[in-house]
Each structure stands twice: as C-alpha cells, then as structure tokens.
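A.B. asks: Structure in structure tokens, see below.
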Amino acid sequence: MFERISRASISQEKIVLLIAVLLFCVFSVSLKGFVSSGNLLTLLRSVSTLGILGIGMAFLVLGRGIDLAIVAIYSASAGWTLHLANGGVSIWLAMVLGYLLALTAGVLSGVLVAYVEIPALFATLGMAAFVFGFVRYALVPLYVVYMPASGASIAWIGGGFVFGVPVPILFFALIAVLGFLFLRFTKPGRFIYAIGDNFAAARISGAPVRPIIILQYAISATIAYLAGIITATAVSAMDTDVANSSMIYDIILVVVLGGIGLSGGRGGIRNVIVGTLLIGILLNGMTIMDIEYTLQNVIRSLILLIAIVIDSIINPRDEQIAQQGDI
Amino acid sequence: MVAETLTRLRYRYVPDHLVGEVLGRRWMDNVIPVFLLVAVIAFLTGSIPNFLAAGNLADTSRQIGEFGLVVIGMTVVMLAGGIDLSVGSNFALANITALALINVAKWSVTASVAATLGVAGLVGLMNGLLIGYLRLRAFLTTLVTLTLIRAIVTFLLQQYQVQIASSDVDSEAWDFIGTGSVAGVPLSFAVLLVTAIAGHVILTRLRVGWRIMAVGGSRRSAYNAGIPVRRTVCLSYVVSGLLTGLAGTLYAARLSGAGPDTGLGLELAVVTAAVLGGNSVGGGRGSIGKAIVGAVIVSLLTNGVVRLGLQNGASAMVVGIVLLLAIAIDVRWNKWRGKLQAKVYVSPAYLALPPVPPIDSRSSSPYAMNDRLHDVEIIGLGEIDGPEDVILDEDDNLYCSVRQGDIIRFLAPDHKRREVYAHVGGRPLGMAFDKDGGLVVCIAGMGLYRVDSSRGIQKMTAETNRSRFSIIDDSRMRLADDLDIAADGKVYFSEATIRYGFEEWVVDSVEGRGNGRIIRYDPATGTTRTVLRHLLFANGICMAHDNRSLLFAETWGCRVSRYWLEGPKKGATEIVIANLPGYPDNINRGSRGAYWVALAGTRTPTYDLAMTMPAFRRRMARRVAGDEWMFPNVNTGCVVRFDESGRILESLWDLKGRNHPAITSMREHRGHLYLGGVTNNRIGRIGIPDADPEWTGPASYWGDRR
C-alpha cells in the first residue's frame, strides 16, 4: 500500500519534470534566443521569488495546512519596510520592524489555526484581508512604495550578482537547501510530515502539534518577508496591491504541480523546484512568443486546473477517513 | 425542615432543565448573529446621521438585494458541504455579459437576461462537474475557476468596455430592473425576498432540499442512504451560479458599468456573510434565514465603513476581522455547546419518597423476602436477549419483545420451539392483544405499532399533541414503554420520559422529575392525545378488571396510581399503592380480581436520600464520569400481587438472583406466571397454587366480546 502511494507520487513529479524537459526542448528548437545563458538566467531569476514563496507554502501544505496570507505578508511587510525607510528610519531598523510585522502576522495565523482551531483555509483567508487592510489603512497609505536612497546598501539582495549569477537565484538555492535539511534532518521537520500524514496520530503520539503549526506559519512568514525584500530591491519598489492579485494561485500552482499532495505528508522541496521550473519555462516561453497577458492567465489557470485534477486522481481523497467539513 | 422546604420549592419552580433543552435547539444558532445585527444597526445609526433615512435605505436595500442573492447561493453550496469562491468572478462575468448583450449586441431584455443566467449557470455547472462528479476539492477548484473567469472577464473588458460605456439603452424594462420598485419595495430586494422564501421552502420542505442538507450533514451516510451525492453536490453549484448570475444582472441594470474591480473580493464578503449568519463551514447546519441575517450585517458594515469616511483598506480590514471572528465563534460555539449541553442537560429535581415498608424475610410484611422463584421452569435460556415484556395468546403461544427489534414466539404447548414472529425494529417493549387478535407493541424510539394476526406490521401512532411551551419537541415519542387497551378499543400507553431515549433511560432516574406521560390513541378516529403529564417514569399500564379505570406505575415514584376513565371520578388520579419497596415496572391483570406488578429493583436508603439532595446529584452529573454515577439498584427485584384496593397479597422473590435478578414483566396464564426481564436471557414459568387454572389474559379482556 505504502509502496504504491510513494511510487504514484514520484510518478507525478516525474510527469511534471518530463513535461518541463519536453517544453524546454520544444522551446529551445522553436524559439529563437530561448536557450541562451542570458535568457536562462532571466528565466530562473524571474521565478526565483515564486519558488521561494513556494517553499514557504510547501512547509504548510506538507502539514496539511495552507497559507493564503503569504502574499499579503510578503507585500505588506516589505512595503512597510520601504515606507519606514522613506520616512527617515534607518534601513536596518526598518527591516527589523518589517520582519516583526511579518512574523506577528504569521504567528497570529498559527495561533488561529492551532489554538482557536479555525480551518487553515479560512484563518489565512481572513488574515490575508486583515493584513492587507490594516497595512493599507494604518501603515502604508500608498499603493506603490518606492525604494529610498538609503536602500542602496541592501540593493544587492535583489539586484546583485555573484560570479555572474543573480543573487535571487542563489537565495532560492540557499532556502531550498536549508528547507531540505530542516525537513529531512530535524525533529520539527519530521513532525511536520507526521502532522500532515495523520494529525490525530501525531498528537496522540506526543508530537507538540500546536507549537509546530505556529512554527510552520512563522517559517512561511519569514520566507515571505525575505521574498518581499528580494522583490523590493530587485525592482526598487513594492506594490502592496499585489495582495489582491492572482499571485497566491501561482504559488499554490507551483506547490501542487510539483507533486506535493494537498492532503499533506507527501513530497518535499524537490517537488517545489520541479514545479517552479515548469512554470518558469512556460511563462518565459509564452512571453517570448508574445502571448497576451490575459491569455497567459487563462492558460495558467487551465494548467492549474489540470494539475489538481491529476492530483485528485493520483492521490484520491479517501472518503472513509476524510473528515467531515474538510473542503 | 425549613431548609428542606426551601429545597423542594426551589427545585419545583426553577426550571433548570430548560437550559440544556434550549442549548439543544437549532434556533440557538441564530442568537449570536441576530444580536450582532442589532448591535451593528445600533452602532451605525448612532454614528452616521440619516443612516436610516428613506433614500439611503432604498439604495442600501438594492445593494443588500444583490449581495443577499449571492449569499443564498453560497449558503446552498455550504449546506451541501462545499464552498464556491468563484462567485466574485462569476458576478463580474454576468455583469459584463448582460451589458454586452443589451448595450452592444442590442438583444432584447428577456433574451439578454436569459442568456446571462445561462452563462452564469454554466460556470456553476463547470464547478459542479469538477467538484461533484470528479470529486475535486471545492476550495481549490473554485479558486482556480475564480482566476479563470476573472481572466476571461478581463479579456471581455478589453473588447467591450468602451462600447458599453459609450452606448445608451432605451428600454423601460431594463430601467425597471435597475431602478424599479414593487409595491414600494426596490426590485432587487423584492427578488431577494421571493428567492429567500422559495429557497427556505425548498430546503426545509422538498426532497431536493433535504438531500442537500443530508449530503452536507454526512456525505457518507447520505451515500449509504441512496442519495445521489454527486448529482446533489453538482446541483448546489449550479444554484449558486444561477443566483450569482441573477445578482450580476440586477447590478448591471442598476449601474450600467463594467470595470476591472467589479465583483473583486466579493467571494470573501459572501463567505463572511454566510458564516456570520450562522451557517456552518463544512455543511449540514444552516438556513436561508441565517444567510439573510449575515448578508444584512456585512452589507451594512461595508456600507458603514465607506460612509464613515474611512480610508481605502479599512473595508478589507473590517471584513477580515469580522470573518475571523465569525469563524472563531462558529468553531468554538460548535465545540463548547456540545460539551456544555452534555454537562447541564441532566438536571436533578427534589423527590422525597415515603418510608420503605419492611422486606426482611423474618418480618410479617407482605413484601417479606422469600425464595419462591428458585424453582422456576426456564424457557429459551440463552436464545433471547432482554425479554422486556411477555404475553400469551389464547392458544398458549408465548411472545416476548427482545433487544434485536424482534417479537419472538415460543410455540405451545411446551414452548421449546422458537420463531421470529415479527421484526418490528427499534426496541419493542410493552405488548397487548387487541380485540381482533392483533398484537399492539410499544417500541422505544418509534412509537405505537400493531402486528396483525397475519404478521403484517402497521404504525398506529408516533406523534401526539405538542405541549404549548415545551422547548424540546415532545410531540415525538422517544420512549413508549407499556400499553393496555380499553374495552372501547382505545389504546392507553405510557411514555417513560420525554427527555431521554431508551439507551439512556437510566439517566432519567438521576433527575427524579416528572418527565413521563400517558398518551391515548383512538383507532376509531386516528387521534393521539396526551392524557397525563409529569409522571415519574411512567411505566406499566393496566386496565382495571371493570374497565372503568386504569392502573399505572411510576418507576422512580415507587407507586401505583389509578386514573379514572369514567364514573363520578372521571379524569381524577388517585394513588393505589403509595410506597412500594422497589421500582415498579409492568402491571398486568391476574385471576380472581388480582393484579401483578413487577419490581425491577429494590429501593436503598442511600438512593432515597440522594433523591432528596438534587444539588448533590447535579454535582455528580457534572463532575463524575457517567459510568461512576450512583444509579438506583436494579439488581434485585420481585413480583407483587395486589388486589383492587391496593392491598398486597403476596410477593415472589429470587433470593439467589440466579434466574430473575430484575423482573420487568409477568403474565398470569392458566395457573402459571411467566416472567421476563429487560436485561435477562430467559423467561421463567412458575405455578401459582391459588390461581384460577382456567384464567387467561385474552379471555379476561375480550372473552365475551369476540
């Protein structure tokens, strides 16, 4: 039984990888300039933020949770950092305050899920609206916040290069490695899998499920803040309205597409990377082909739809053990 | 003495039991939302001048109308156990479709509206096919359709936005949809009211509505009950799509404008409204009324935030907070209410029993213990499980009602051969033969049933008149216990308690309140009426030999009373035996004008004392696990024979308790007594020396009338 499932989940990852490789080959042949090293770095760089956020989301999904507030935290905390720096606060203090905001929001989500026992979907949906609304109402009155001059000292985070490789890609790699090590070799990492596999069993076995859930949200908020700073320094601005965009769906797409089951407990960082690569290749190819942005959206949505259909066929919901009210 | 009187008065007049009953009612779900609604209206009226002015109200009510329609759609989906996040995009799609058809394509109003509803319904159908038939997860699937439809709307906007804005529609019908009123009520609001009433009727009265509720309540059980789960789920999304389309059409007619922010974030507000009204996330619990309350609260709040002049972002913040609060309350309320109700439902009352008569074997009391049941003849040992009542027909066949929901028959003459006479289901208890040889049975959990002589089973009654101010629905019968049939054919039967089912009958003993009643069913007219209320576990019922009165036993009251059916005392109740030494169960006629009553257990001084200390028992019920509670002794019982005046003639005990520890029924038949027990695995038969050897029950009741 276990063998069958693990083989099945590997096969989804393999399918996605295969599609990515195929697309890569097709684009290399058919699209001019696709395979150049400049374009490949651009491709990776363009999806590195998405990939980083995907890893943050993966921490939740592996534990059978979800964090719909990740984009709101990402944009609001980075936006507030820039806004503070614009107002004369030193950039480092601004970053600390911005991170505290992100962490508070994450921990609050965790408390709502773990202790108040609100289903993660609703807790984070509400938190997303609240974080965006609160920051726009009380902290950042503008839609788009620009990078102040004092931000030059951190501009390398999003804009620098090391040996010709853009720093965001390196951050993506670093977080991927750290995330892999955490999930594979630390106790809390194993507990996340245990919770995702069977919450009740993990709890009965003595796993500190509630603190672990809070830890998951704290990690995802931390990663969201880092991604926010990378974006802000890369484009020298932060658009707080991105919280209302379809970005959250892209993140879920990356996670699910790579083969991490939404029912939790299966998959790993590798799956996020595979999913990110496919999306990166697809977006890059469509952009080179000059497909209209709205149409790109439609295509992406359709791919996500197909991905969750495949997911539900390969990892079908078990009606016998599915909880009532698990939507 | 004074303290005791005070205790008695306090427990007679303070209705503790209502707390648990109120908590069990579904309408309790509405209390918090309605309270919130009143608070919101009060706050906004206080802080915004002219908030309730007519002009403003008309405008607000149109918004509520459109919003409410979407909330009703969402509620239907949620009741079926899903969620539909695509409503925001679908709303925008309906809006632009209607405008494009009317303004640009110049279709007629009817055709445009129909086409718009069709498009929105198709979106719902797509969701329904994916979630219902392909069994995708509702949340993610509708999230994706949300982006998909939004992308399509953006695409359509690029094509038609300018043309829509620059064209003008000259149609009275279209204007009427946008700004018209029906009898002074703005059209949108009127549509909402009609939809709400229709929706309520469908959900609570029609099969399709019940199916939706069943699927949301328990998907697996619904499937096992044969409900087409997939089709029902699919249907709920189609309904949501259609209602969203209707709302989008009304919106289009009212504002005649399409923009990128139409319907943006609407799904969040709609979910908030549905949950805030008290509809449960995950299905099974909710109603259209709750949806309307939630819709009004959220509309007023978002409207109020704008009118209070708060900055951009405040609205999202308020909706976020309200959503979190609403779901937190919903989750905690569900969790706490069950626990709280379990704690407070058992509400003991004061009950002082008269002194116990002596039962010592050396005393001269008629109750003196003996071992006369030592030598019973055993029938069906180990073949039957809990013969609560036993009865014999004219041909000496022996019937008993057992735990599996069967009436078992042991065939005459030796009662060795056994057969299932009828499978009636439930927990059959008391039995009696009617004039035509039909066996009338009280079935716990079901009501009063009749097995005719050809073994056909008919329901006689399962419902009586509801008492006017009862909180729990006492029109249904939870624990019909024993019955007897008057000479005119009317069936009198007891319901032991209206607060507990059969599996919890013993918990009623901890209460010691009059929860039982006697009900009369008249087969001639088919009417059912409650005759006597507030009885202490009404149990055995027996028509007096002259058929002018009936005798009934109250188990926790340890007494037998007489209720006059005719004569000068008609309608009056008088006590026949005031202080039995144990807990009486069934009463039956015996020969030579006597009666038999079974005592299921013996009174103990401790429990009698506990019955005068309700606070003690309440503490016990709240703090101690159920299996550690103090219950009355039902391990040792006896059979008592008494005459018309209530004088005790003799009693039969089983001192070793091997064959008949607790006796719940007995029947005299041709000089023998047959004994049954609700927890026993056998029927006993013993000869009664001074009984009339020719006397039988059926002959005593119907001998001269057949």
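Going through the structure tokens in order, the chains are called A, B, and so on, while each chain numbers its residues from 1 and the ligands are numbered from 1 in the order shown.
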Find the spatial neighbours of Ala314 (chain B), counting only C-alpha atoms, within a cut-off of 7 Å - ignore same-chain residues fewer than 6 positions away - and output them as a ChimeraX atom specification.

C.D. replies: /A:133-134,137

A.B. asks: Could you give me the residues within region 159-233 of chain B that DSSP places in strand (DSSP E or B), as a PyMOL selection string?

C.D. replies: chain B and resi 181-182+185-186

A.B. asks: I'd like a table as a Markdown table: residues in chain A with an atom no more than 6 Å from chain B, each row giving the shortest atom pair and its distance in Å to one decimal, only C-alpha atoms counted, sorted by chain and rising residue number.

C.D. replies:
```
| residue | atom | partner | partner_atom | distance |
| --- | --- | --- | --- | --- |
| A:Ile118 | CA | B:Ala328 | CA | 6.0 |
| A:Gly126 | CA | B:Gly320 | CA | 4.5 |
| A:Ala129 | CA | B:Gly320 | CA | 4.8 |
| A:Phe130 | CA | B:Met317 | CA | 4.3 |
| A:Gly133 | CA | B:Gly313 | CA | 4.0 |
| A:Phe134 | CA | B:Met317 | CA | 5.4 |
| A:Arg136 | CA | B:Gly313 | CA | 5.1 |
| A:Tyr137 | CA | B:Gly313 | CA | 4.9 |
| A:Thr294 | CA | B:Ala151 | CA | 5.7 |
| A:Asn297 | CA | B:Ala151 | CA | 6.0 |
| A:Val298 | CA | B:Leu148 | CA | 5.5 |
| A:Ser301 | CA | B:Leu148 | CA | 5.4 |
| A:Gly325 | CA | B:Gly282 | CA | 3.5 |
| A:Ile327 | CA | B:Ala138 | CA | 5.7 |
```

A.B. asks: Give me a file of those residues, with N, CA and C atoms, as a PDB file, in the first residue's frame.

C.D. replies:
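New file part.pdb:
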```
ATOM      1  N   ILE A 118      -9.547  27.333  13.950  1.00  0.00           N
ATOM      2  CA  ILE A 118     -10.191  27.749  12.703  1.00  0.00           C
ATOM      3  C   ILE A 118      -9.520  26.983  11.564  1.00  0.00           C
ATOM      4  N   GLY A 126      -8.877  35.079   6.004  1.00  0.00           N
ATOM      5  CA  GLY A 126      -9.214  36.248   6.810  1.00  0.00           C
ATOM      6  C   GLY A 126      -7.985  37.072   7.140  1.00  0.00           C
ATOM      7  N   ALA A 129      -6.896  39.278   4.190  1.00  0.00           N
ATOM      8  CA  ALA A 129      -7.681  40.507   4.078  1.00  0.00           C
ATOM      9  C   ALA A 129      -7.303  41.479   5.198  1.00  0.00           C
ATOM     10  N   PHE A 130      -7.133  40.926   6.388  1.00  0.00           N
ATOM     11  CA  PHE A 130      -6.833  41.791   7.521  1.00  0.00           C
ATOM     12  C   PHE A 130      -5.458  42.443   7.373  1.00  0.00           C
ATOM     13  N   GLY A 133      -5.582  45.020   4.605  1.00  0.00           N
ATOM     14  CA  GLY A 133      -6.409  46.151   5.001  1.00  0.00           C
ATOM     15  C   GLY A 133      -5.740  46.979   6.088  1.00  0.00           C
ATOM     16  N   PHE A 134      -5.199  46.289   7.080  1.00  0.00           N
ATOM     17  CA  PHE A 134      -4.580  47.004   8.200  1.00  0.00           C
ATOM     18  C   PHE A 134      -3.379  47.809   7.747  1.00  0.00           C
ATOM     19  N   ARG A 136      -2.655  48.861   4.717  1.00  0.00           N
ATOM     20  CA  ARG A 136      -3.048  49.975   3.864  1.00  0.00           C
ATOM     21  C   ARG A 136      -3.743  51.088   4.654  1.00  0.00           C
ATOM     22  N   TYR A 137      -4.492  50.691   5.653  1.00  0.00           N
ATOM     23  CA  TYR A 137      -5.254  51.680   6.410  1.00  0.00           C
ATOM     24  C   TYR A 137      -4.369  52.426   7.389  1.00  0.00           C
ATOM     25  N   THR A 294      -3.503  38.498 -20.651  1.00  0.00           N
ATOM     26  CA  THR A 294      -4.779  37.884 -20.230  1.00  0.00           C
ATOM     27  C   THR A 294      -4.842  36.429 -20.661  1.00  0.00           C
ATOM     28  N   ASN A 297      -2.847  34.279 -18.513  1.00  0.00           N
ATOM     29  CA  ASN A 297      -3.579  33.973 -17.285  1.00  0.00           C
ATOM     30  C   ASN A 297      -4.511  32.800 -17.487  1.00  0.00           C
ATOM     31  N   VAL A 298      -5.243  32.830 -18.610  1.00  0.00           N
ATOM     32  CA  VAL A 298      -6.184  31.749 -18.889  1.00  0.00           C
ATOM     33  C   VAL A 298      -5.436  30.426 -18.988  1.00  0.00           C
ATOM     34  N   SER A 301      -4.288  29.236 -15.596  1.00  0.00           N
ATOM     35  CA  SER A 301      -5.398  28.704 -14.803  1.00  0.00           C
ATOM     36  C   SER A 301      -5.770  27.309 -15.266  1.00  0.00           C
ATOM     37  N   GLY A 325     -16.471  18.193   6.687  1.00  0.00           N
ATOM     38  CA  GLY A 325     -16.158  19.609   6.693  1.00  0.00           C
ATOM     39  C   GLY A 325     -14.785  19.917   6.138  1.00  0.00           C
ATOM     40  N   ILE A 327     -12.901  20.778   3.302  1.00  0.00           N
ATOM     41  CA  ILE A 327     -13.231  21.169   1.935  1.00  0.00           C
ATOM     42  C   ILE A 327     -11.965  21.560   1.210  1.00  0.00           C
TER      43      ILE A 327
END
```

A.B. asks: Would you compute the distance between CA of Phe27 (chain A) and CA of Leu40 (chain A)? Give it in Å to one decimal.

C.D. replies: 11.7 Å

A.B. asks: What's the 8 Å shell around Val71 (chain B), counting only C-alpha atoms, without same-chain residues fewer than 2 positions away, as number ranges by chain?

C.D. replies: B: 67-69, 73-75, 270-271, 273-274, 291-292, 295

A.B. asks: Nearest to Ala218 (chain A): which of A:Ala149, A:Leu101, A:Ile15, A:Leu43 is it, counting only C-alpha atoms?

C.D. replies: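 Smallest distance to Ala218 (chain A) is found for A:Leu101.
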
A.B. asks: I'd like the interatomic distance between CA of Leu536 (chain B) and CA of Glu554 (chain B), to a tenth of an Å.

C.D. replies: 5.2 Å

A.B. asks: Considering only C-alpha atoms, can you say which of B:Ala42, B:Gly257, B:Ala544, B:Arg337 comes closest to Ile297 (chain B)?

C.D. replies: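 The shortest atom-to-atom distance to Ile297 (chain B) comes from B:Ala42.
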
A.B. asks: Would you compute the distance between CA of Tyr595 (chain B) and CA of Glu566 (chain B)? Give it in Å to one decimal.

C.D. replies: 20.1 Å

A.B. asks: Near Val390 (chain B), counting only C-alpha atoms, which residues have an atom at most 7 Å away, once you skip same-chain residues fewer than 3 positions from it, shown as a list in words?

C.D. replies: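 My list of contacting residues is Pro387, Tyr399, Cys400, Ser401, Ser665, Met666, Arg667 and Gly676 of chain B.
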
A.B. asks: Might you pull out every residue within 7 Å of region 58-69 of chain A, with only C-alpha atoms counted and same-chain residues fewer than 2 positions away left off, and present them as a VMD selection string?

C.D. replies: chain A and resid 54 to 56 71 to 73 120 to 121 124 to 125 127 to 128 192 to 193 195 to 196 216 220 248 255 262 to 266

A.B. asks: Among region 51-289 of chain A, which residues does DSSP mark as alpha helix (DSSP H) when it is run on the backbone? Keep the chain and numbering as in the structure and answer as a ChimeraX atom specification.

C.D. replies: /A:51-62,70-86,91-114,120-134,156-159,167-185,187-197,199-204,209-235,247-257,269-288

A.B. asks: Report as a CSV table (one decimal) with N, CA, C and O atoms, in the first residue's frame all protein, DNA and RNA residues lying within 10 Å of Leu178 (chain A), evaluated on only C-alpha atoms, omitting residues in the same chain fewer than 6 positions from it.

C.D. replies:
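Final output, saved to part26.csv:
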```csv
chain,number,residue,atom,x,y,z
A,172,PHE,N,17.3,31.5,-3.6
A,172,PHE,CA,16.3,30.4,-3.9
A,172,PHE,C,17.0,29.1,-3.6
A,172,PHE,O,16.5,28.2,-2.9
A,184,ARG,N,14.3,17.2,6.4
A,184,ARG,CA,14.8,15.9,6.4
A,184,ARG,C,15.4,15.5,7.8
A,184,ARG,O,15.3,14.4,8.2
A,269,ILE,N,11.0,19.5,-0.9
A,269,ILE,CA,11.5,20.7,-1.5
A,269,ILE,C,11.7,20.5,-3.1
A,269,ILE,O,11.4,21.3,-3.9
```

A.B. asks: Find the residues around Val296 (chain B) up to 12 Å (only C-alpha atoms counted), leave out those fewer than 6 positions away in its own chain, and share them as a ChimeraX atom specification.

C.D. replies: /B:33-34,36-38,40-41,60-69,71-72,189,192,269-270,272-274,276-277,289-290,302-304
